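Structure below is work-v6.cif: mmCIF, C-alpha atoms.
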```
data_run
loop_
_atom_site.label_atom_id
_atom_site.label_comp_id
_atom_site.auth_asym_id
_atom_site.auth_seq_id
_atom_site.Cartn_x
_atom_site.Cartn_y
_atom_site.Cartn_z
CA MET A 458 -14.79 -14.79 14.46
CA HIS A 459 -17.52 -13.96 11.96
CA GLU A 460 -15.98 -16.76 9.87
CA LEU A 461 -18.36 -19.20 11.58
CA SER A 462 -21.38 -17.29 10.22
CA ILE A 463 -19.76 -17.18 6.80
CA ALA A 464 -18.97 -20.91 6.93
CA GLN A 465 -22.63 -21.61 7.78
CA SER A 466 -23.82 -19.58 4.78
CA LEU A 467 -21.29 -21.41 2.63
CA LEU A 468 -22.41 -24.83 3.86
CA ASP A 469 -26.06 -23.92 3.19
CA ILE A 470 -25.19 -23.17 -0.43
CA VAL A 471 -23.12 -26.36 -0.79
CA VAL A 472 -26.01 -28.48 0.51
CA GLN A 473 -28.49 -26.72 -1.83
CA GLU A 474 -26.26 -27.09 -4.89
CA ALA A 475 -25.48 -30.75 -4.11
CA ALA A 476 -29.20 -31.51 -3.89
CA ARG A 477 -29.90 -29.59 -7.10
CA HIS A 478 -27.30 -31.61 -9.01
CA GLY A 479 -28.03 -34.96 -7.35
CA VAL A 480 -24.64 -35.09 -5.66
CA GLU A 481 -24.40 -37.19 -2.51
CA ARG A 482 -20.78 -36.62 -1.62
CA VAL A 483 -18.89 -33.37 -2.06
CA VAL A 484 -15.11 -33.74 -1.83
CA ARG A 485 -13.98 -30.19 -2.59
CA VAL A 486 -15.51 -26.76 -2.36
CA GLY A 487 -13.87 -23.95 -4.33
CA ILE A 488 -13.89 -20.48 -2.81
CA ARG A 489 -12.72 -17.17 -4.24
CA LEU A 490 -11.61 -15.00 -1.34
CA GLY A 491 -10.45 -11.43 -1.84
CA ALA A 492 -7.22 -10.45 -0.09
CA TYR A 493 -9.05 -7.30 1.02
CA SER A 494 -12.10 -9.10 2.41
CA ALA A 495 -12.12 -9.16 6.20
CA VAL A 496 -12.02 -12.96 6.26
CA VAL A 497 -9.12 -15.10 7.51
CA PRO A 498 -8.72 -18.23 5.33
CA SER A 499 -7.57 -20.50 8.17
CA ALA A 500 -10.45 -19.39 10.39
CA LEU A 501 -12.90 -20.07 7.56
CA THR A 502 -11.46 -23.56 7.02
CA PHE A 503 -11.51 -24.26 10.77
CA SER A 504 -15.16 -23.15 11.01
CA PHE A 505 -16.24 -25.11 7.93
CA ASP A 506 -14.60 -28.29 9.28
CA LEU A 507 -16.49 -27.84 12.56
CA ILE A 508 -19.95 -27.70 11.02
CA LYS A 509 -19.69 -29.97 7.96
CA GLU A 510 -20.22 -33.23 9.92
CA ASN A 511 -23.32 -35.21 8.94
CA THR A 512 -23.84 -33.31 5.72
CA VAL A 513 -23.06 -34.10 2.07
CA ALA A 514 -19.90 -32.05 2.61
CA GLN A 515 -18.54 -33.96 5.59
CA GLU A 516 -15.52 -35.13 3.60
CA ALA A 517 -15.13 -31.90 1.67
CA GLU A 518 -12.07 -29.73 1.90
CA LEU A 519 -12.04 -26.05 1.08
CA ALA A 520 -9.95 -25.00 -1.90
CA ILE A 521 -9.42 -21.30 -1.28
CA GLU A 522 -8.21 -19.19 -4.17
CA GLU A 523 -7.02 -15.86 -2.86
CA VAL A 524 -7.87 -12.97 -5.18
CA PRO A 525 -5.25 -10.23 -4.88
CA LEU A 526 -6.17 -6.61 -4.34
CA ALA A 527 -6.03 -4.70 -7.60
CA GLY A 528 -6.97 -1.25 -8.77
CA ARG A 529 -6.93 1.27 -11.54
CA CYS A 530 -5.70 4.85 -11.55
CA GLN A 531 -8.63 7.18 -12.15
CA ASP A 532 -6.33 9.82 -13.65
CA CYS A 533 -4.09 7.92 -16.10
CA GLY A 534 -5.74 4.51 -16.33
CA GLN A 535 -2.69 2.60 -15.05
CA VAL A 536 -3.65 -0.86 -13.80
CA LEU A 537 -2.23 -1.78 -10.38
CA GLU A 538 -1.90 -5.50 -9.64
CA ASN A 539 -1.11 -7.24 -6.36
CA MET A 540 -1.52 -4.11 -4.27
CA GLU A 541 -0.24 -4.57 -0.73
CA SER A 542 -2.47 -1.85 0.68
CA PRO A 543 -5.60 -0.03 -0.46
CA ILE A 544 -3.67 3.21 0.06
CA VAL A 545 -1.02 3.54 -2.67
CA ASP A 546 -0.05 6.23 -5.14
CA CYS A 547 -0.17 5.49 -8.86
CA PRO A 548 3.33 4.28 -9.87
CA ALA A 549 2.90 5.88 -13.30
CA CYS A 550 1.58 9.38 -12.58
CA GLY A 551 1.65 9.70 -8.78
CA SER A 552 -2.11 10.22 -8.50
CA LYS A 553 -3.75 9.27 -5.22
CA LYS A 554 -7.05 8.43 -6.89
CA ILE A 555 -6.96 4.66 -7.17
CA GLU A 556 -10.21 2.83 -7.74
CA LEU A 557 -10.18 -0.71 -6.29
CA THR A 558 -11.30 -3.24 -8.90
CA GLN A 559 -10.95 -6.53 -7.04
CA GLY A 560 -10.04 -7.95 -3.65
CA ARG A 561 -13.36 -8.01 -1.76
CA GLU A 562 -14.54 -11.33 -3.27
CA LEU A 563 -16.35 -13.80 -1.04
CA THR A 564 -17.77 -16.28 -3.52
CA ILE A 565 -18.30 -20.00 -3.85
CA ALA A 566 -16.87 -20.97 -7.24
CA PHE A 567 -17.54 -24.71 -7.53
CA ILE A 568 -18.30 -27.94 -5.74
CA GLU A 569 -16.54 -31.14 -6.72
CA THR A 570 -17.70 -34.72 -6.27
CA ASP A 571 -15.95 -38.06 -6.81
CA GLU A 572 -19.19 -39.64 -8.02
CA GLU A 573 -19.48 -40.61 -11.68
CA GLU A 574 -21.36 -38.13 -13.83
CA GLY A 575 -25.05 -38.97 -13.96
CA ALA A 576 -24.90 -41.14 -10.84
CA GLY A 577 -26.80 -40.38 -7.65
CA MET B 548 -14.16 -36.01 -10.82
CA PRO B 549 -16.94 -33.74 -12.00
CA GLU B 550 -16.58 -30.15 -10.94
CA ILE B 551 -19.85 -28.27 -10.79
CA GLU B 552 -19.62 -24.55 -11.31
CA VAL B 553 -21.59 -22.61 -8.73
CA SER B 554 -20.46 -18.97 -8.67
CA ARG B 555 -22.68 -17.56 -5.92
CA PRO B 556 -21.82 -14.92 -3.30
CA ILE B 557 -21.43 -16.74 0.00
CA LEU B 558 -23.37 -14.09 1.91
CA GLU B 559 -26.21 -13.89 -0.64
CA ALA B 560 -28.79 -15.05 1.92
CA ASN B 561 -27.91 -12.16 4.22
CA GLN B 562 -27.83 -9.80 1.27
CA ARG B 563 -31.35 -10.84 0.28
CA ILE B 564 -32.74 -10.25 3.76
CA ALA B 565 -30.90 -6.92 4.04
CA GLN B 566 -32.41 -5.81 0.73
CA GLY B 567 -35.84 -6.73 2.08
CA ASN B 568 -35.16 -4.56 5.14
CA ARG B 569 -33.98 -1.74 2.88
CA ARG B 570 -37.22 -1.90 0.87
CA LYS B 571 -39.29 -1.69 4.07
CA PHE B 572 -37.28 1.32 5.27
CA GLN B 573 -37.73 3.08 1.94
CA GLU B 574 -41.47 2.40 1.86
CA ALA B 575 -41.81 3.76 5.39
CA GLY B 576 -39.64 6.78 4.58
CA VAL B 577 -37.20 6.10 7.42
CA LYS B 578 -33.46 6.70 7.13
CA VAL B 579 -31.20 4.10 8.70
CA LEU B 580 -27.67 4.38 10.10
CA ASN B 581 -25.41 1.48 11.08
CA LEU B 582 -23.06 2.64 13.84
CA ILE B 583 -19.81 0.65 13.99
CA SER B 584 -16.78 0.98 16.29
CA SER B 585 -14.57 -1.02 18.59
CA PRO B 586 -15.84 -1.62 22.14
CA GLY B 587 -15.52 1.47 24.29
CA ALA B 588 -15.20 4.04 21.49
CA GLY B 589 -18.30 5.78 22.83
CA LYS B 590 -21.15 4.71 20.55
CA THR B 591 -23.77 4.61 23.30
CA THR B 592 -22.65 7.91 24.84
CA LEU B 593 -22.70 9.46 21.37
CA LEU B 594 -26.25 8.18 20.96
CA GLU B 595 -27.32 9.66 24.30
CA GLN B 596 -25.77 13.03 23.45
CA THR B 597 -27.23 12.97 19.94
CA LEU B 598 -30.74 11.86 20.88
CA SER B 599 -31.18 14.57 23.48
CA ARG B 600 -30.38 17.12 20.76
CA VAL B 601 -32.60 15.75 17.97
CA ALA B 602 -35.53 14.22 19.86
CA ALA B 603 -37.62 17.40 19.70
CA GLU B 604 -37.42 17.50 15.91
CA LEU B 605 -37.06 13.91 14.74
CA ALA B 606 -38.82 10.67 15.61
CA VAL B 607 -35.94 8.30 16.25
CA GLY B 608 -35.79 4.59 17.01
CA VAL B 609 -32.71 2.70 18.16
CA VAL B 610 -31.62 -0.91 17.83
CA GLU B 611 -28.88 -1.85 20.27
CA GLY B 612 -26.65 -4.78 19.43
CA ASP B 613 -24.59 -6.35 22.19
CA ILE B 614 -23.24 -9.80 22.88
CA GLN B 615 -24.86 -9.72 26.29
CA THR B 616 -26.94 -7.43 28.60
CA THR B 617 -29.69 -4.93 27.90
CA GLU B 618 -27.91 -2.03 29.63
CA ASP B 619 -27.39 -0.02 26.47
CA ALA B 620 -31.05 -0.16 25.44
CA GLN B 621 -31.98 1.09 28.91
CA ARG B 622 -29.52 3.98 28.65
CA VAL B 623 -30.91 4.95 25.26
CA ALA B 624 -34.56 4.51 26.28
CA ALA B 625 -33.89 6.94 29.13
CA CYS B 626 -33.50 9.59 26.39
CA GLY B 627 -37.18 9.10 25.55
CA VAL B 628 -36.86 7.08 22.33
CA ARG B 629 -38.01 3.57 21.50
CA ALA B 630 -34.98 1.28 21.93
CA VAL B 631 -34.85 -2.44 21.27
CA GLN B 632 -31.97 -4.61 22.38
CA ILE B 633 -30.60 -7.51 20.37
CA GLU B 634 -28.45 -9.82 22.47
CA THR B 635 -26.40 -11.82 19.99
CA LYS B 636 -25.31 -14.34 22.64
CA GLY B 637 -21.80 -14.63 21.32
CA ALA B 638 -22.02 -13.42 17.74
CA CYS B 639 -19.58 -10.61 17.00
CA HIS B 640 -21.87 -8.73 14.59
CA LEU B 641 -25.50 -8.07 13.72
CA ASP B 642 -26.90 -9.48 10.49
CA GLY B 643 -29.88 -8.76 8.27
CA GLN B 644 -32.01 -11.48 9.85
CA MET B 645 -31.56 -10.11 13.39
CA ILE B 646 -32.68 -6.66 12.23
CA SER B 647 -35.61 -8.10 10.28
CA GLN B 648 -36.80 -9.88 13.43
CA VAL B 649 -36.98 -6.71 15.56
CA LEU B 650 -38.61 -4.41 13.01
CA ALA B 651 -42.08 -5.33 14.23
CA ALA B 652 -41.23 -3.59 17.51
CA PHE B 653 -41.21 -0.24 15.70
CA GLU B 654 -43.91 1.75 13.95
CA LEU B 655 -41.64 2.42 11.01
CA ASP B 656 -44.14 4.72 9.30
CA LYS B 657 -43.89 7.11 12.23
CA LEU B 658 -40.09 7.18 12.40
CA ASP B 659 -37.77 9.60 10.64
CA LEU B 660 -34.57 7.86 11.64
CA LEU B 661 -33.53 4.43 12.87
CA ILE B 662 -30.05 4.11 14.35
CA VAL B 663 -28.58 0.63 14.71
CA GLU B 664 -25.71 0.37 17.17
CA ASN B 665 -23.75 -2.67 16.05
CA VAL B 666 -21.74 -4.97 18.31
CA GLY B 667 -18.43 -3.34 19.26
CA ASN B 668 -16.01 -4.68 16.64
CA LEU B 669 -14.06 -3.06 13.81
CA VAL B 670 -13.96 -6.10 11.51
CA CYS B 671 -16.91 -8.47 11.54
CA PRO B 672 -19.89 -6.07 11.18
CA VAL B 673 -18.47 -4.71 7.93
CA GLU B 674 -19.22 -7.88 5.96
CA PHE B 675 -22.91 -8.00 6.97
CA ASP B 676 -25.32 -5.62 5.28
CA LEU B 677 -28.31 -4.80 7.50
CA GLY B 678 -30.24 -2.76 4.93
CA GLU B 679 -28.89 0.57 6.21
CA ASP B 680 -28.51 3.72 4.13
CA MET B 681 -25.12 4.50 5.59
CA LYS B 682 -22.44 3.15 7.88
CA VAL B 683 -21.07 5.53 10.50
CA ALA B 684 -17.65 4.67 11.94
CA VAL B 685 -16.83 5.90 15.43
CA LEU B 686 -13.15 6.02 16.41
CA SER B 687 -11.93 7.36 19.75
CA VAL B 688 -8.55 9.07 19.79
CA THR B 689 -7.34 6.78 22.60
CA GLU B 690 -7.45 3.82 20.18
CA GLY B 691 -4.57 5.32 18.20
CA ASP B 692 -4.19 7.08 14.86
CA ASP B 693 -3.13 3.84 13.11
CA LYS B 694 -6.55 2.22 13.26
CA PRO B 695 -7.92 3.41 9.89
CA SER B 696 -4.93 1.94 8.05
CA LYS B 697 -5.10 -1.28 10.10
CA TYR B 698 -8.86 -1.78 9.62
CA PRO B 699 -9.37 -0.09 6.25
CA GLN B 700 -12.59 -1.83 5.17
CA LEU B 701 -14.76 -0.08 7.75
CA PHE B 702 -13.17 3.33 7.25
CA GLN B 703 -13.53 2.96 3.49
CA GLU B 704 -17.20 2.03 3.58
CA ALA B 705 -18.33 4.49 6.24
CA GLY B 706 -20.06 7.57 4.82
CA VAL B 707 -19.40 9.38 8.08
CA LEU B 708 -16.47 9.15 10.47
CA ILE B 709 -16.86 10.42 14.02
CA VAL B 710 -13.59 10.93 15.90
CA ASN B 711 -14.59 10.91 19.57
CA LYS B 712 -12.89 11.88 22.85
CA ILE B 713 -10.92 14.77 21.35
CA ASP B 714 -10.86 16.39 24.81
CA LEU B 715 -8.18 13.78 25.63
CA LEU B 716 -5.84 14.79 22.81
CA PRO B 717 -3.52 16.88 25.06
CA TYR B 718 -2.76 13.79 27.15
CA ILE B 719 -2.04 11.18 24.48
CA ASP B 720 0.08 10.66 21.37
CA CYS B 721 -2.59 10.61 18.72
CA ASP B 722 -2.11 12.49 15.47
CA LEU B 723 -5.59 13.63 14.46
CA GLU B 724 -4.29 14.78 11.08
CA ARG B 725 -3.03 11.25 10.35
CA ILE B 726 -6.54 9.87 10.94
CA HIS B 727 -7.99 12.48 8.60
CA GLN B 728 -5.38 11.85 5.91
CA THR B 729 -5.80 8.07 5.94
CA CYS B 730 -9.59 8.28 5.83
CA ARG B 731 -9.55 10.86 3.06
CA ARG B 732 -7.42 8.47 1.02
CA LEU B 733 -9.74 5.54 1.74
CA ASN B 734 -12.95 7.46 1.09
CA PRO B 735 -12.62 10.98 -0.35
CA SER B 736 -16.34 11.74 0.05
CA GLN B 737 -16.52 10.77 3.72
CA LYS B 738 -17.83 13.40 6.18
CA ILE B 739 -15.60 13.67 9.25
CA PHE B 740 -16.68 15.10 12.62
CA ASP B 741 -14.15 15.53 15.44
CA LEU B 742 -15.97 15.78 18.73
CA SER B 743 -16.07 15.04 22.42
CA CYS B 744 -19.21 13.60 23.95
CA ARG B 745 -17.81 14.57 27.34
CA SER B 746 -17.11 18.27 26.73
CA GLY B 747 -19.71 18.68 24.01
CA GLU B 748 -17.16 20.20 21.61
CA GLY B 749 -18.02 19.47 17.98
CA LEU B 750 -21.36 17.83 18.75
CA GLU B 751 -23.45 20.59 17.20
CA ASP B 752 -21.88 20.18 13.74
CA TRP B 753 -22.61 16.44 13.77
CA VAL B 754 -26.17 16.98 15.00
CA ALA B 755 -26.82 19.62 12.34
CA TRP B 756 -25.53 17.27 9.65
CA LEU B 757 -27.65 14.40 10.99
CA LYS B 758 -30.85 16.47 10.97
CA ALA B 759 -30.22 17.66 7.42
CA TRP B 760 -29.31 14.18 6.17
CA THR B 761 -32.37 12.59 7.77
CA ARG B 762 -34.62 15.07 5.97
CA SER B 763 -32.81 14.81 2.64
#
```
As structure tokens, what does this structure read like?
Amino acid sequence: MHELSIAQSLLDIVVQEAARHGVERVVRVGIRLGAYSAVVPSALTFSFDLIKENTVAQEAELAIEEVPLAGRCQDCGQVLENMESPIVDCPACGSKKIELTQGRELTIAFIETDEEEGAG
Amino acid sequence: MPEIEVSRPILEANQRIAQGNRRKFQEAGVKVLNLISSPGAGKTTLLEQTLSRVAAELAVGVVEGDIQTTEDAQRVAACGVRAVQIETKGACHLDGQMISQVLAAFELDKLDLLIVENVGNLVCPVEFDLGEDMKVAVLSVTEGDDKPSKYPQLFQEAGVLIVNKIDLLPYIDCDLERIHQTCRRLNPSQKIFDLSCRSGEGLEDWVAWLKAWTRS
């Protein structure tokens, strides 16, 4: 359950960014989460909901965009999308040398408020 | 409904602290290993067996991470090295801040090697950089040969894999070759040492590598 630590880091950033932009109420927080990161989306949401009380994000919901695992064959350059495992052979040339290009993301993408622009 | 673009890594605060640790280690000329395994794989026993073989040549410090108790630090200190325990009180991993807070307990300038034994867990510690030079994964054969494919992140990131308890291989259904094959696929440059802390088989190769790496 390291998701609680991750949720705390996430909330810290949300609070900082809200203050920086003069936002008093955050209603959505956008996350990009790699399918190959060791983070469970439901556990992250559960943890975030636990700790968001009494902050600018207390009504915020997490919008988690899952980033699929993808790679590129180091021998023939074939791009592999939506890989189900980090261990696959290249479908084009059979090479085992696949470089992973995405899937470990753990990024906050945006915060959203329902306040009018310029208010607050 | 204004959407404000942020685009920041969620763990950037940890990353910043870990980089600070890394700078301190580099300035002091100390190499740092982050030892990760599931509970009971034999990390502490491996440390005891390793320390007794390198202590005459290398100045080593140890940070022990556990959820509770200081037993492991006592076991390691009995080998004659400085050992500091971090009790995480529930947290399933160490993070950069916890390491940063115990560094004052060491004279880093006088150390050649600092070994951090993480909390026993194959998943959580992987996401938290401590400032180490290298992760070392420890897998005991009794855990099963499917573990590298089930927990690939650790076995991909580890520069060294230690397969422990090989003296038990005759009694269990564990295909050592399958472990090797999976890990070679995940990380072709990974060094693999098969050993038994109980019988001592294979320990010398690991110890020789560790001495050479520490001095490199």
For the PyMOL selection byres ((chain A and resi 547-553) around 7), applied here, can you spell out every residue it catches as a list in words?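 Expected selection for the PyMOL selection byres ((chain A and resi 547-553) around 7) here is Cys530, Asp532, Cys533, Gln535, Val545, Asp546, Lys554 and Ile555 of chain A.
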Contact set, chain B to chain A: 6 Å, all atoms listed in the file, as a list in words: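 Here is what falls inside 6 Å: Met548, Pro549, Glu550, Ile551, Glu552, Val553, Ser554, Arg555, Pro556, Ile557 and Cys671 of chain B.
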Suppose a student applies the PyMOL selection byres ((chain B and resi 688) around 12) to this structure; what residues should they get, written as a PyMOL selection string? chain B and resi 585+587-589+685-687+689-695+709-727+741-743
How would the residues just picked look written out with C-alpha atoms as an mmCIF file, in the frame of the given file?
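Result went into again20.cif, see below:
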```cif
data_model
loop_
_atom_site.group_PDB
_atom_site.id
_atom_site.type_symbol
_atom_site.label_atom_id
_atom_site.label_comp_id
_atom_site.auth_asym_id
_atom_site.auth_seq_id
_atom_site.Cartn_x
_atom_site.Cartn_y
_atom_site.Cartn_z
ATOM 1 C CA SER B 585 -14.570 -1.020 18.590
ATOM 2 C CA GLY B 587 -15.520 1.470 24.290
ATOM 3 C CA ALA B 588 -15.200 4.040 21.490
ATOM 4 C CA GLY B 589 -18.300 5.780 22.830
ATOM 5 C CA VAL B 685 -16.830 5.900 15.430
ATOM 6 C CA LEU B 686 -13.150 6.020 16.410
ATOM 7 C CA SER B 687 -11.930 7.360 19.750
ATOM 8 C CA THR B 689 -7.340 6.780 22.600
ATOM 9 C CA GLU B 690 -7.450 3.820 20.180
ATOM 10 C CA GLY B 691 -4.570 5.320 18.200
ATOM 11 C CA ASP B 692 -4.190 7.080 14.860
ATOM 12 C CA ASP B 693 -3.130 3.840 13.110
ATOM 13 C CA LYS B 694 -6.550 2.220 13.260
ATOM 14 C CA PRO B 695 -7.920 3.410 9.890
ATOM 15 C CA ILE B 709 -16.860 10.420 14.020
ATOM 16 C CA VAL B 710 -13.590 10.930 15.900
ATOM 17 C CA ASN B 711 -14.590 10.910 19.570
ATOM 18 C CA LYS B 712 -12.890 11.880 22.850
ATOM 19 C CA ILE B 713 -10.920 14.770 21.350
ATOM 20 C CA ASP B 714 -10.860 16.390 24.810
ATOM 21 C CA LEU B 715 -8.180 13.780 25.630
ATOM 22 C CA LEU B 716 -5.840 14.790 22.810
ATOM 23 C CA PRO B 717 -3.520 16.880 25.060
ATOM 24 C CA TYR B 718 -2.760 13.790 27.150
ATOM 25 C CA ILE B 719 -2.040 11.180 24.480
ATOM 26 C CA ASP B 720 0.080 10.660 21.370
ATOM 27 C CA CYS B 721 -2.590 10.610 18.720
ATOM 28 C CA ASP B 722 -2.110 12.490 15.470
ATOM 29 C CA LEU B 723 -5.590 13.630 14.460
ATOM 30 C CA GLU B 724 -4.290 14.780 11.080
ATOM 31 C CA ARG B 725 -3.030 11.250 10.350
ATOM 32 C CA ILE B 726 -6.540 9.870 10.940
ATOM 33 C CA HIS B 727 -7.990 12.480 8.600
ATOM 34 C CA ASP B 741 -14.150 15.530 15.440
ATOM 35 C CA LEU B 742 -15.970 15.780 18.730
ATOM 36 C CA SER B 743 -16.070 15.040 22.420
#
```
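Straight-line separation from CA of Gly534 in chain A to CA of Val707 in chain B: 28.4 Å.
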Between CA of Asn665 in chain B and CA of Leu582 in chain B, distance in Å (one decimal): 5.8 Å
So the first atom is CA of Gln615 in chain B and the second is CA of Glu634 in chain B; what is the distance between them in Å, to one decimal place?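 Computing it gives 5.2 Å between the two atoms.
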Exercise: Val609 in chain B partners within 7 Å, only C-alpha atoms, chain neighbours under 4 positions left out, as a list in words: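 That gives Arg629, Ala630, Val631, Leu661, Ile662 and Val663 of chain B.
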Show me the residues close to (-28.5, -4.8, 19.8) - anything with an atom within 8 Å, counting only C-alpha atoms - and format the list as number ranges by chain. B: 610-614, 620, 631-635, 641, 663-666
Name the residues that the PyMOL selection byres ((chain B and resi 675) around 9) picks from the file above, as a ChimeraX atom specification, using the file's chain letters and numbers. /B:558,561-562,565,640-643,671-674,676-677
Within 7 Å of (-12.8, -24.4, 4.7) (file coordinates; all atoms listed in the file), which protein or nucleic acid residues are there? I'd like them as a VMD selection string. chain A and resid 501 to 506 518 to 519
Can you write out the residues you just picked, keeping C-alpha atoms, as a JSON list (two decimals), keeping the file's coordinate frame?
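Saved the output as part-v6.json:
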```
[["chain", "number", "residue", "atom", "x", "y", "z"],
["A", 501, "LEU", "CA", -12.90, -20.07, 7.56],
["A", 502, "THR", "CA", -11.46, -23.56, 7.02],
["A", 503, "PHE", "CA", -11.51, -24.26, 10.77],
["A", 504, "SER", "CA", -15.16, -23.15, 11.01],
["A", 505, "PHE", "CA", -16.24, -25.11, 7.93],
["A", 506, "ASP", "CA", -14.60, -28.29, 9.28],
["A", 518, "GLU", "CA", -12.07, -29.73, 1.90],
["A", 519, "LEU", "CA", -12.04, -26.05, 1.08]]
```
Between A:Leu537, A:Ala500, A:Val472, A:Leu557, single out the one closest to Val513 in chain A, counting only C-alpha atoms.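 Once distances to Val513 in chain A are computed over only C-alpha atoms, the minimum belongs to A:Val472.
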Box centre and edge lengths (Å, one decimal), axis-aligned, range 658-675 of chain B plus 8 Å each side, as AutoDock Vina command-line options:
```
--center_x -27.0 --center_y 0.6 --center_z 12.6 --size_x 42.1 --size_y 34.1 --size_z 29.3
```
Restricting the calculation to all atoms listed in the file: of B:Glu748, B:Glu604, B:Glu618, B:Glu704, which residue gets closest to Leu660 in chain B?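 Counting all atoms listed in the file, the residue closest to Leu660 in chain B is B:Glu604.
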Pick out the closest residue to Gly567 in chain B from this set: B:Thr616, B:Ser647, B:Gln621, B:Asn581. Count all atoms listed in the file. B:Ser647
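Nearest-residue note for Ile521 in chain A: choosing from A:Val497, A:Arg482, A:Val536, A:Lys509, the minimum distance belongs to A:Val497, counting all atoms listed in the file.
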